[in-house]
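Chemist: This is my_file_24.cif (mmCIF, C-alpha atoms and all ligand atoms).
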data_query
loop_
_atom_site.group_PDB
_atom_site.id
_atom_site.type_symbol
_atom_site.label_atom_id
_atom_site.label_comp_id
_atom_site.auth_asym_id
_atom_site.auth_seq_id
_atom_site.Cartn_x
_atom_site.Cartn_y
_atom_site.Cartn_z
ATOM 1 C CA MET A 189 0.000 0.000 0.000
ATOM 2 C CA SER A 190 2.792 2.425 0.851
ATOM 3 C CA ALA A 191 4.471 1.737 -2.533
ATOM 4 C CA LEU A 192 1.221 2.669 -4.269
ATOM 5 C CA GLU A 193 0.865 5.790 -2.162
ATOM 6 C CA ASP A 194 4.523 6.750 -2.809
ATOM 7 C CA ALA A 195 4.075 6.311 -6.586
ATOM 8 C CA TYR A 196 0.882 8.356 -6.441
ATOM 9 C CA GLN A 197 2.578 11.135 -4.484
ATOM 10 C CA SER A 198 5.568 11.275 -6.830
ATOM 11 C CA ALA A 199 3.200 11.579 -9.805
ATOM 12 C CA GLN A 200 1.434 14.444 -8.021
ATOM 13 C CA THR A 201 4.784 16.114 -7.452
ATOM 14 C CA LEU A 202 5.432 15.904 -11.202
ATOM 15 C CA ASN A 203 2.023 17.456 -11.825
ATOM 16 C CA LEU A 204 0.735 14.284 -13.450
ATOM 17 C CA LYS A 205 -2.897 13.371 -13.140
ATOM 18 C CA VAL A 206 -3.083 9.698 -12.231
ATOM 19 C CA LYS A 207 -5.929 7.990 -14.067
ATOM 20 C CA GLY A 208 -5.292 4.390 -13.165
ATOM 21 C CA VAL A 209 -3.010 1.710 -11.829
ATOM 22 C CA LEU A 210 -1.706 -1.139 -13.955
ATOM 23 C CA ILE A 211 -0.844 -4.472 -12.430
ATOM 24 C CA THR A 212 0.468 -7.707 -13.890
ATOM 25 C CA ASN A 213 -0.937 -10.631 -11.961
ATOM 26 C CA PRO A 214 0.731 -13.155 -12.071
ATOM 27 C CA SER A 215 3.772 -10.962 -12.206
ATOM 28 C CA ASN A 216 6.180 -10.760 -15.084
ATOM 29 C CA PRO A 217 9.148 -10.917 -14.256
ATOM 30 C CA LEU A 218 8.699 -12.254 -10.689
ATOM 31 C CA GLY A 219 6.440 -15.237 -11.381
ATOM 32 C CA THR A 220 4.394 -14.556 -8.239
ATOM 33 C CA THR A 221 0.651 -14.093 -7.722
ATOM 34 C CA MET A 222 -1.074 -11.368 -5.748
ATOM 35 C CA THR A 223 -2.785 -12.351 -2.513
ATOM 36 C CA ARG A 224 -6.398 -11.539 -1.707
ATOM 37 C CA GLU A 225 -5.147 -9.040 0.857
ATOM 38 C CA GLU A 226 -3.006 -7.229 -1.738
ATOM 39 C CA LEU A 227 -5.896 -7.132 -4.189
ATOM 40 C CA ASN A 228 -8.131 -5.730 -1.468
ATOM 41 C CA HIS A 229 -5.568 -3.024 -0.696
ATOM 42 C CA LEU A 230 -5.501 -2.153 -4.370
ATOM 43 C CA ILE A 231 -9.294 -1.910 -4.526
ATOM 44 C CA THR A 232 -9.355 0.321 -1.428
ATOM 45 C CA PHE A 233 -6.650 2.507 -2.988
ATOM 46 C CA ALA A 234 -8.523 2.816 -6.309
ATOM 47 C CA ILE A 235 -11.710 3.775 -4.458
ATOM 48 C CA ALA A 236 -9.873 6.401 -2.407
ATOM 49 C CA LYS A 237 -8.156 7.948 -5.445
ATOM 50 C CA ASN A 238 -11.068 7.536 -7.841
ATOM 51 C CA ILE A 239 -8.898 5.793 -10.444
ATOM 52 C CA HIS A 240 -9.097 2.779 -12.797
ATOM 53 C CA ILE A 241 -7.506 -0.633 -12.244
ATOM 54 C CA ILE A 242 -6.134 -2.417 -15.296
ATOM 55 C CA SER A 243 -5.091 -5.946 -14.535
ATOM 56 C CA ASP A 244 -2.912 -7.827 -17.016
ATOM 57 C CA GLU A 245 -3.718 -11.481 -16.335
ATOM 58 C CA VAL A 246 -1.959 -12.931 -19.343
ATOM 59 C CA PHE A 247 -0.105 -15.488 -17.176
ATOM 60 C CA ALA A 248 -3.222 -16.593 -15.236
ATOM 61 C CA GLY A 249 -3.089 -20.164 -16.533
ATOM 62 C CA THR A 250 0.593 -20.696 -15.690
ATOM 63 C CA VAL A 251 0.062 -20.866 -11.911
ATOM 64 C CA PHE A 252 1.558 -24.239 -11.000
ATOM 65 C CA ASP A 253 1.744 -24.000 -7.222
ATOM 66 C CA SER A 254 -0.125 -22.589 -4.241
ATOM 67 C CA PRO A 255 -1.287 -19.956 -3.472
ATOM 68 C CA GLY A 256 -3.628 -20.144 -6.445
ATOM 69 C CA PHE A 257 -4.477 -17.344 -8.805
ATOM 70 C CA ILE A 258 -7.125 -14.769 -7.810
ATOM 71 C CA SER A 259 -8.365 -12.423 -10.499
ATOM 72 C CA ILE A 260 -9.029 -8.784 -9.671
ATOM 73 C CA MET A 261 -12.608 -9.440 -10.800
ATOM 74 C CA GLU A 262 -13.010 -12.179 -8.169
ATOM 75 C CA ALA A 263 -11.720 -9.814 -5.488
ATOM 76 C CA ALA A 264 -14.148 -7.144 -6.742
ATOM 77 C CA MET A 265 -17.023 -9.625 -6.626
ATOM 78 C CA ASP A 266 -16.109 -10.655 -3.080
ATOM 79 C CA ARG A 267 -16.286 -6.998 -2.079
ATOM 80 C CA ARG A 268 -19.724 -6.827 -3.764
ATOM 81 C CA LEU A 269 -18.547 -3.802 -5.717
ATOM 82 C CA GLU A 270 -21.204 -4.236 -8.368
ATOM 83 C CA ASN A 271 -23.826 -3.155 -5.820
ATOM 84 C CA GLU A 272 -21.791 -1.364 -3.206
ATOM 85 C CA ASN A 273 -19.427 0.618 -5.407
ATOM 86 C CA PRO A 274 -20.649 0.490 -9.017
ATOM 87 C CA ASP A 275 -18.270 3.339 -9.877
ATOM 88 C CA LEU A 276 -15.186 1.258 -9.200
ATOM 89 C CA TRP A 277 -16.883 -1.851 -10.641
ATOM 90 C CA ASN A 278 -16.972 0.069 -13.927
ATOM 91 C CA ARG A 279 -13.353 1.099 -13.586
ATOM 92 C CA ILE A 280 -11.864 -2.402 -13.401
ATOM 93 C CA HIS A 281 -10.541 -3.885 -16.646
ATOM 94 C CA ILE A 282 -8.711 -7.112 -17.422
ATOM 95 C CA VAL A 283 -6.431 -7.733 -20.373
ATOM 96 C CA TYR A 284 -5.615 -11.232 -21.496
ATOM 97 C CA SER A 285 -4.215 -13.108 -24.498
ATOM 98 C CA LEU A 286 -3.598 -16.667 -25.603
ATOM 99 C CA SER A 287 0.119 -16.032 -26.065
ATOM 100 C CA LYS A 288 1.331 -17.403 -22.724
ATOM 101 C CA ASP A 289 -1.197 -19.894 -21.368
ATOM 102 C CA LEU A 290 -1.695 -21.585 -24.715
ATOM 103 C CA GLY A 291 1.727 -20.790 -26.140
ATOM 104 C CA LEU A 292 0.126 -19.137 -29.179
ATOM 105 C CA PRO A 293 1.800 -15.711 -29.512
ATOM 106 C CA GLY A 294 1.729 -15.971 -33.295
ATOM 107 C CA PHE A 295 -2.071 -16.168 -33.364
ATOM 108 C CA ARG A 296 -2.304 -12.569 -32.092
ATOM 109 C CA VAL A 297 -5.480 -13.223 -30.092
ATOM 110 C CA GLY A 298 -6.113 -11.050 -27.076
ATOM 111 C CA MET A 299 -9.066 -9.703 -25.165
ATOM 112 C CA ILE A 300 -10.315 -7.037 -22.826
ATOM 113 C CA TYR A 301 -12.806 -7.869 -20.095
ATOM 114 C CA SER A 302 -14.540 -4.862 -18.575
ATOM 115 C CA ASN A 303 -17.860 -3.858 -17.062
ATOM 116 C CA ASN A 304 -17.446 -0.432 -18.587
ATOM 117 C CA GLU A 305 -19.609 -0.005 -21.671
ATOM 118 C CA THR A 306 -17.514 2.862 -23.015
ATOM 119 C CA VAL A 307 -14.320 0.817 -22.779
ATOM 120 C CA VAL A 308 -15.943 -2.231 -24.386
ATOM 121 C CA SER A 309 -17.432 -0.128 -27.160
ATOM 122 C CA ALA A 310 -14.094 1.625 -27.867
ATOM 123 C CA ALA A 311 -12.260 -1.715 -27.823
ATOM 124 C CA THR A 312 -14.822 -3.230 -30.184
ATOM 125 C CA ARG A 313 -14.274 -0.394 -32.657
ATOM 126 C CA MET A 314 -10.494 -0.630 -32.277
ATOM 127 C CA SER A 315 -10.606 -4.383 -32.879
ATOM 128 C CA SER A 316 -11.253 -3.792 -36.576
ATOM 129 C CA PHE A 317 -7.575 -2.737 -36.801
ATOM 130 C CA GLY A 318 -6.427 -6.149 -35.607
ATOM 131 C CA LEU A 319 -8.994 -8.655 -36.774
ATOM 132 C CA VAL A 320 -8.421 -12.330 -36.084
ATOM 133 C CA SER A 321 -8.728 -14.464 -39.212
ATOM 134 C CA SER A 322 -11.775 -16.728 -39.639
ATOM 135 C CA GLN A 323 -9.523 -19.777 -39.789
ATOM 136 C CA THR A 324 -7.913 -18.852 -36.449
ATOM 137 C CA GLN A 325 -11.329 -18.209 -34.890
ATOM 138 C CA TYR A 326 -12.641 -21.523 -36.201
ATOM 139 C CA LEU A 327 -9.674 -23.471 -34.869
ATOM 140 C CA LEU A 328 -9.695 -21.756 -31.472
ATOM 141 C CA SER A 329 -13.424 -22.028 -30.911
ATOM 142 C CA ASN A 330 -13.241 -25.762 -31.574
ATOM 143 C CA MET A 331 -10.212 -26.140 -29.354
ATOM 144 C CA LEU A 332 -11.524 -24.054 -26.448
ATOM 145 C CA ALA A 333 -14.997 -25.607 -26.584
ATOM 146 C CA ASN A 334 -13.412 -28.980 -25.936
ATOM 147 C CA LYS A 335 -13.507 -28.954 -22.123
ATOM 148 C CA LYS A 336 -11.783 -32.328 -21.852
ATOM 149 C CA PHE A 337 -8.857 -31.058 -23.913
ATOM 150 C CA THR A 338 -8.574 -27.679 -22.161
ATOM 151 C CA SER A 339 -8.597 -29.074 -18.633
ATOM 152 C CA LYS A 340 -6.085 -31.801 -19.559
ATOM 153 C CA TYR A 341 -3.908 -29.251 -21.326
ATOM 154 C CA MET A 342 -3.910 -26.804 -18.399
ATOM 155 C CA LYS A 343 -3.068 -29.535 -15.875
ATOM 156 C CA GLU A 344 -0.290 -30.979 -18.024
ATOM 157 C CA ASN A 345 1.119 -27.530 -18.783
ATOM 158 C CA GLN A 346 1.221 -26.583 -15.100
ATOM 159 C CA LYS A 347 2.802 -29.932 -14.178
ATOM 160 C CA ARG A 348 5.541 -29.451 -16.778
ATOM 161 C CA LEU A 349 6.179 -25.834 -15.779
ATOM 162 C CA LYS A 350 6.560 -26.873 -12.159
ATOM 163 C CA ARG A 351 8.984 -29.665 -13.071
ATOM 164 C CA LYS A 352 11.082 -27.417 -15.335
ATOM 165 C CA ARG A 353 11.191 -24.686 -12.708
ATOM 166 C CA GLU A 354 12.384 -27.171 -10.092
ATOM 167 C CA MET A 355 15.136 -28.316 -12.442
ATOM 168 C CA LEU A 356 16.239 -24.741 -13.020
ATOM 169 C CA VAL A 357 16.118 -23.772 -9.345
ATOM 170 C CA SER A 358 18.115 -26.791 -8.192
ATOM 171 C CA GLY A 359 20.598 -26.434 -11.075
ATOM 172 C CA LEU A 360 21.180 -22.787 -10.252
ATOM 173 C CA ARG A 361 21.492 -23.572 -6.559
ATOM 174 C CA THR A 362 24.397 -25.913 -7.236
ATOM 175 C CA SER A 363 26.071 -22.944 -8.970
ATOM 176 C CA GLY A 364 25.463 -20.768 -5.917
ATOM 177 C CA MET A 365 22.520 -18.835 -7.384
ATOM 178 C CA GLU A 366 19.187 -18.534 -5.607
ATOM 179 C CA CYS A 367 15.808 -17.810 -7.179
ATOM 180 C CA LEU A 368 12.920 -15.829 -5.767
ATOM 181 C CA LYS A 369 10.188 -18.192 -4.537
ATOM 182 C CA SER A 370 7.558 -18.219 -7.266
ATOM 183 C CA ASN A 371 4.432 -20.137 -8.208
ATOM 184 C CA ALA A 372 3.661 -18.993 -11.763
ATOM 185 C CA GLY A 373 5.076 -17.832 -15.071
ATOM 186 C CA LEU A 374 7.462 -19.135 -17.663
ATOM 187 C CA PHE A 375 10.557 -17.748 -15.939
ATOM 188 C CA CYS A 376 12.493 -17.414 -12.684
ATOM 189 C CA TRP A 377 13.811 -14.285 -11.013
ATOM 190 C CA VAL A 378 17.434 -15.103 -10.273
ATOM 191 C CA ASP A 379 19.733 -13.448 -7.757
ATOM 192 C CA MET A 380 23.172 -12.914 -9.318
ATOM 193 C CA ARG A 381 24.220 -10.022 -7.123
ATOM 194 C CA HIS A 382 27.306 -11.907 -5.945
ATOM 195 C CA LEU A 383 28.608 -11.976 -9.545
ATOM 196 C CA LEU A 384 28.569 -8.195 -9.961
ATOM 197 C CA SER A 385 31.863 -6.315 -10.026
ATOM 198 C CA SER A 386 30.153 -3.478 -8.139
ATOM 199 C CA ASN A 387 26.712 -2.737 -6.783
ATOM 200 C CA SER A 388 25.572 -0.800 -9.870
ATOM 201 C CA PHE A 389 23.456 -1.132 -13.006
ATOM 202 C CA GLU A 390 26.614 -0.641 -15.119
ATOM 203 C CA ALA A 391 28.005 -3.795 -13.520
ATOM 204 C CA GLU A 392 24.695 -5.553 -14.147
ATOM 205 C CA THR A 393 24.827 -4.654 -17.863
ATOM 206 C CA LYS A 394 28.450 -5.824 -17.978
ATOM 207 C CA LEU A 395 27.465 -9.146 -16.411
ATOM 208 C CA TRP A 396 24.547 -9.514 -18.831
ATOM 209 C CA LYS A 397 26.879 -8.923 -21.803
ATOM 210 C CA THR A 398 29.470 -11.337 -20.433
ATOM 211 C CA ILE A 399 26.888 -14.090 -19.951
ATOM 212 C CA LEU A 400 25.475 -13.422 -23.426
ATOM 213 C CA CYS A 401 28.844 -13.424 -25.180
ATOM 214 C CA GLU A 402 30.885 -15.877 -23.101
ATOM 215 C CA VAL A 403 28.238 -18.321 -21.947
ATOM 216 C CA GLY A 404 25.788 -17.998 -24.858
ATOM 217 C CA LEU A 405 22.731 -17.438 -22.661
ATOM 218 C CA ASN A 406 20.405 -14.502 -23.127
ATOM 219 C CA MET A 407 18.712 -13.483 -19.893
ATOM 220 C CA THR A 408 16.739 -10.339 -19.089
ATOM 221 C CA ALA A 409 18.609 -7.880 -16.894
ATOM 222 C CA GLY A 410 16.603 -6.568 -13.942
ATOM 223 C CA GLU A 411 17.118 -2.940 -14.933
ATOM 224 C CA SER A 412 15.048 -3.455 -18.074
ATOM 225 C CA CYS A 413 12.213 -4.637 -15.796
ATOM 226 C CA HIS A 414 12.640 -1.524 -13.614
ATOM 227 C CA CYS A 415 14.117 -3.491 -10.727
ATOM 228 C CA SER A 416 15.466 -1.054 -8.161
ATOM 229 C CA GLU A 417 18.330 -3.308 -7.077
ATOM 230 C CA PRO A 418 21.149 -4.339 -9.476
ATOM 231 C CA GLY A 419 22.005 -8.008 -9.932
ATOM 232 C CA TRP A 420 18.646 -9.686 -10.599
ATOM 233 C CA PHE A 421 17.944 -11.477 -13.890
ATOM 234 C CA ARG A 422 14.897 -13.091 -15.438
ATOM 235 C CA VAL A 423 15.601 -16.531 -16.829
ATOM 236 C CA CYS A 424 12.950 -18.028 -19.125
ATOM 237 C CA PHE A 425 12.829 -21.796 -18.952
ATOM 238 C CA ALA A 426 9.503 -22.869 -20.436
ATOM 239 C CA SER A 427 10.364 -23.262 -24.089
ATOM 240 C CA MET A 428 13.671 -25.068 -23.483
ATOM 241 C CA SER A 429 13.887 -28.826 -23.783
ATOM 242 C CA GLN A 430 15.201 -30.689 -20.755
ATOM 243 C CA ALA A 431 18.484 -31.352 -22.592
ATOM 244 C CA THR A 432 18.934 -27.655 -23.467
ATOM 245 C CA LEU A 433 18.162 -26.653 -19.900
ATOM 246 C CA GLN A 434 20.853 -29.046 -18.669
ATOM 247 C CA ILE A 435 23.392 -27.552 -21.084
ATOM 248 C CA ALA A 436 22.444 -24.053 -19.922
ATOM 249 C CA MET A 437 22.857 -25.095 -16.272
ATOM 250 C CA ARG A 438 26.247 -26.649 -16.960
ATOM 251 C CA ARG A 439 27.474 -23.532 -18.758
ATOM 252 C CA LEU A 440 26.282 -21.297 -15.931
ATOM 253 C CA ARG A 441 27.948 -23.530 -13.345
ATOM 254 C CA ASP A 442 31.252 -23.398 -15.282
ATOM 255 C CA PHE A 443 30.915 -19.660 -15.601
ATOM 256 C CA SER A 444 30.184 -19.208 -11.921
ATOM 257 C CA GLU A 445 33.198 -21.361 -10.977
ATOM 258 C CA ARG A 446 35.439 -19.475 -13.422
ATOM 259 C CA SER A 447 34.231 -16.176 -11.998
ATOM 260 C CA SER A 448 34.979 -17.156 -8.439
ATOM 261 C CA CYS A 449 38.452 -18.393 -9.471
ATOM 262 C CA SER A 450 39.346 -15.290 -11.447
ATOM 263 C CA GLY A 451 37.648 -12.817 -9.093
ATOM 264 C CA ARG A 452 34.811 -10.584 -10.154
ATOM 265 C CA ILE A 453 33.641 -10.190 -13.752
ATOM 266 C CA GLY A 454 35.295 -6.821 -14.139
ATOM 267 C CA ASN A 455 38.760 -8.456 -13.980
ATOM 268 C CA LYS A 456 40.778 -9.011 -17.134
ATOM 269 C CA ILE A 457 40.324 -12.499 -18.544
ATOM 270 C CA SER A 458 43.288 -14.758 -19.359
ATOM 271 C CA SER A 459 44.358 -15.541 -22.945
ATOM 272 C CA GLN A 460 43.206 -19.172 -22.502
ATOM 273 C CA GLN A 461 39.764 -17.922 -21.508
ATOM 274 C CA GLN A 462 39.810 -15.531 -24.449
ATOM 275 C CA ASN A 463 40.456 -18.452 -26.811
ATOM 276 C CA MET A 464 37.635 -20.400 -25.190
ATOM 277 C CA SER A 465 35.328 -17.455 -25.469
ATOM 278 C CA SER A 466 36.050 -16.870 -29.153
ATOM 279 C CA LEU A 467 35.393 -20.585 -29.762
ATOM 280 C CA ARG A 468 32.099 -20.309 -27.893
ATOM 281 C CA ARG A 469 31.138 -17.220 -29.841
ATOM 282 C CA LYS A 470 31.635 -19.156 -33.082
ATOM 283 C CA LEU A 471 29.282 -21.809 -31.784
ATOM 284 C CA LEU A 472 26.517 -19.374 -30.876
ATOM 285 C CA SER A 473 23.413 -19.783 -32.941
ATOM 286 C CA ASN A 474 22.696 -17.093 -35.530
ATOM 287 C CA TRP A 475 20.002 -15.204 -33.699
ATOM 288 C CA VAL A 476 22.001 -14.851 -30.497
ATOM 289 C CA HIS A 477 25.011 -13.861 -32.536
ATOM 290 C CA LYS A 478 23.136 -11.131 -34.386
ATOM 291 C CA LEU A 479 21.751 -9.812 -31.139
ATOM 292 C CA SER A 480 25.034 -9.957 -29.314
ATOM 293 C CA SER A 481 27.609 -9.094 -31.972
ATOM 294 C CA SER A 482 27.679 -5.351 -31.424
ATOM 295 C CA GLU A 483 27.653 -5.824 -27.650
ATOM 296 C CA CYS A 484 30.419 -8.478 -27.815
ATOM 297 C CA ASP A 485 32.584 -6.431 -30.157
ATOM 298 C CA GLU A 486 32.246 -3.457 -27.876
ATOM 299 C CA GLN A 487 33.216 -5.544 -24.874
ATOM 300 C CA HIS A 488 36.252 -7.120 -26.540
ATOM 301 C CA ARG A 489 37.579 -3.841 -27.907
HETATM 302 C C1 LIG B 501 2.668 -9.343 -18.827
HETATM 303 C C2 LIG B 501 2.480 -9.384 -20.315
HETATM 304 N N1 LIG B 501 1.347 -8.922 -20.841
HETATM 305 C C3 LIG B 501 1.112 -8.935 -22.173
HETATM 306 C C4 LIG B 501 2.051 -9.436 -23.037
HETATM 307 C C5 LIG B 501 1.760 -9.378 -24.509
HETATM 308 O O1 LIG B 501 1.606 -10.604 -25.096
HETATM 309 P P1 LIG B 501 1.026 -10.716 -26.572
HETATM 310 O O2 LIG B 501 1.191 -9.414 -27.260
HETATM 311 O O3 LIG B 501 1.809 -11.809 -27.220
HETATM 312 O O4 LIG B 501 -0.416 -11.105 -26.412
HETATM 313 C C6 LIG B 501 3.263 -9.918 -22.545
HETATM 314 C C7 LIG B 501 4.284 -10.441 -23.453
HETATM 315 O O5 LIG B 501 5.414 -10.672 -23.123
HETATM 316 C C8 LIG B 501 3.479 -9.912 -21.143
HETATM 317 O O6 LIG B 501 4.617 -10.370 -20.605
#
Let me see whether you can do it: turn the structure in this file into structure tokens.

Modeler:
Amino acid sequence: MSALEDAYQSAQTLNLKVKGVLITNPSNPLGTTMTREELNHLITFAIAKNIHIISDEVFAGTVFDSPGFISIMEAAMDRRLENENPDLWNRIHIVYSLSKDLGLPGFRVGMIYSNNETVVSAATRMSSFGLVSSQTQYLLSNMLANKKFTSKYMKENQKRLKRKREMLVSGLRTSGMECLKSNAGLFCWVDMRHLLSSNSFEAETKLWKTILCEVGLNMTAGESCHCSEPGWFRVCFASMSQATLQIAMRRLRDFSERSSCSGRIGNKISSQQQNMSSLRRKLLSNWVHKLSSSECDEQHR
């Protein structure tokens, strides 16, 4: 609650009129779900400030562990907002898509769920700029109408996500890296603060580049997710095969051991390591190479 209030006050200081609060539940990048208490705080806050709540629930179906997922709409229903505070009831909106839960980002199917007629009407008009093809609609309506398939799919998906996450967490732990406890999402929030050459975002970027160029793994640096503390990285695990995940774990373990032998990442690397790293760079797949080449060249200058 105090974080919300602080953000609200700093917007006021900047002379910005706050119209709403956006949340991502389950969280990307943390992979955590909001509790009923947190959702209730949010509702109380939105009532007090007379603002909208937009809840991005695109990862709702990836919750693989307790506590379960609670939608903002469920929390609003529990508070009987429809009757007791119809104003806020009309200011709560959910956005969702099939990209994450069904692994169908290429289908470009998303939706808005709102009790606000103006929002629904505007979204309906806007939808003509991003129409979903008849073939896609036909396929999806058949697929989603099959309750046996959908419930089996969701269960299996959650089971596999949980297993993959456990593999990642235990693999990283053997390399001395801990993950934030999470129960959802396609990624883990990994603590790599001990690998930083200094407690700064410059050191975080340096570490990200080193891992990209030397280890061949592309992770998301915390700064790009607006993390306030340097040294946290988002590691996506869901689309990797078990074998690839094991290779990634082994490379990270080697890297972590090398780093603790040679001191922090900022130190100059030996010529043997340089040879190894240029060999590794040659082995990087094309897309990583394209992405990393300018960064790697800059680093090796
Ligand atoms: C929290 C969140 N919401 C929405 C999206 C958008 O997904 P898409 O445009 O594929 O539907 C993403 C994609 O990464 C996301 O992480």

Chemist: Taking all atoms listed in the file into account, report as a list in words which residues have an atom no farther than 7 Å from an atom of ligand LIG 501 (chain B).

Modeler: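 Residues satisfying the distance criterion: Thr212, Ser215, Asn216, Asp244, Val246, Phe247, Ser285, Leu286, Ser287, Pro293, Arg296, Val297 and Gly298 of chain A.
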
Chemist: Please evaluate the PyMOL selection byres (((chain A and resi 439) around 10) and not hetatm) against the structure above and give the resulting residues as a PyMOL selection string.

Modeler: chain A and resi 363+399+402-405+433-438+440-445

Chemist: Since I can't run it myself right now, could you work out what the PyMOL selection byres (((chain A and resi 282) around 10) and not hetatm) selects here and report it as a list in words?

Modeler: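 Evaluating the PyMOL selection byres (((chain A and resi 282) around 10) and not hetatm) on these coordinates yields Leu210, Ile211, Thr212, Ile241, Ile242, Ser243, Asp244, Glu245, Val246, Ser259, Ile260, Met261, Ile280, His281, Val283, Tyr284, Met299, Ile300, Tyr301, Ser302 and Asn303 of chain A.
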
Chemist: My list of candidates is A:Glu354, A:Asp289, A:Asp266, A:Glu411. Which is closest to Asp253 in chain A when distances are computed with only C-alpha atoms?

Modeler: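 Ranking A:Glu354, A:Asp289, A:Asp266, A:Glu411 by distance to Asp253 in chain A, first place goes to A:Glu354.
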
Chemist: To one decimal in Å, tell me the separation between CA of Ser386 in chain A and CA of Leu356 in chain A.

Modeler: 25.9 Å

Chemist: Using CA of Asn304 in chain A and CA of Thr232 in chain A as the two end points, give the distance in Å to one decimal.

Modeler: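 It comes out at 19.0 Å.
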
Chemist: How many Å separate CA of Asp379 in chain A from CA of Pro214 in chain A?

Modeler: 19.5 Å

Chemist: Pick out the residues sitting within 12 Å of Met265 in chain A, and hand them over as a count of residues only; count all atoms listed in the file, and ignore anything fewer than 6 positions along from it in its own chain.

Modeler: 14
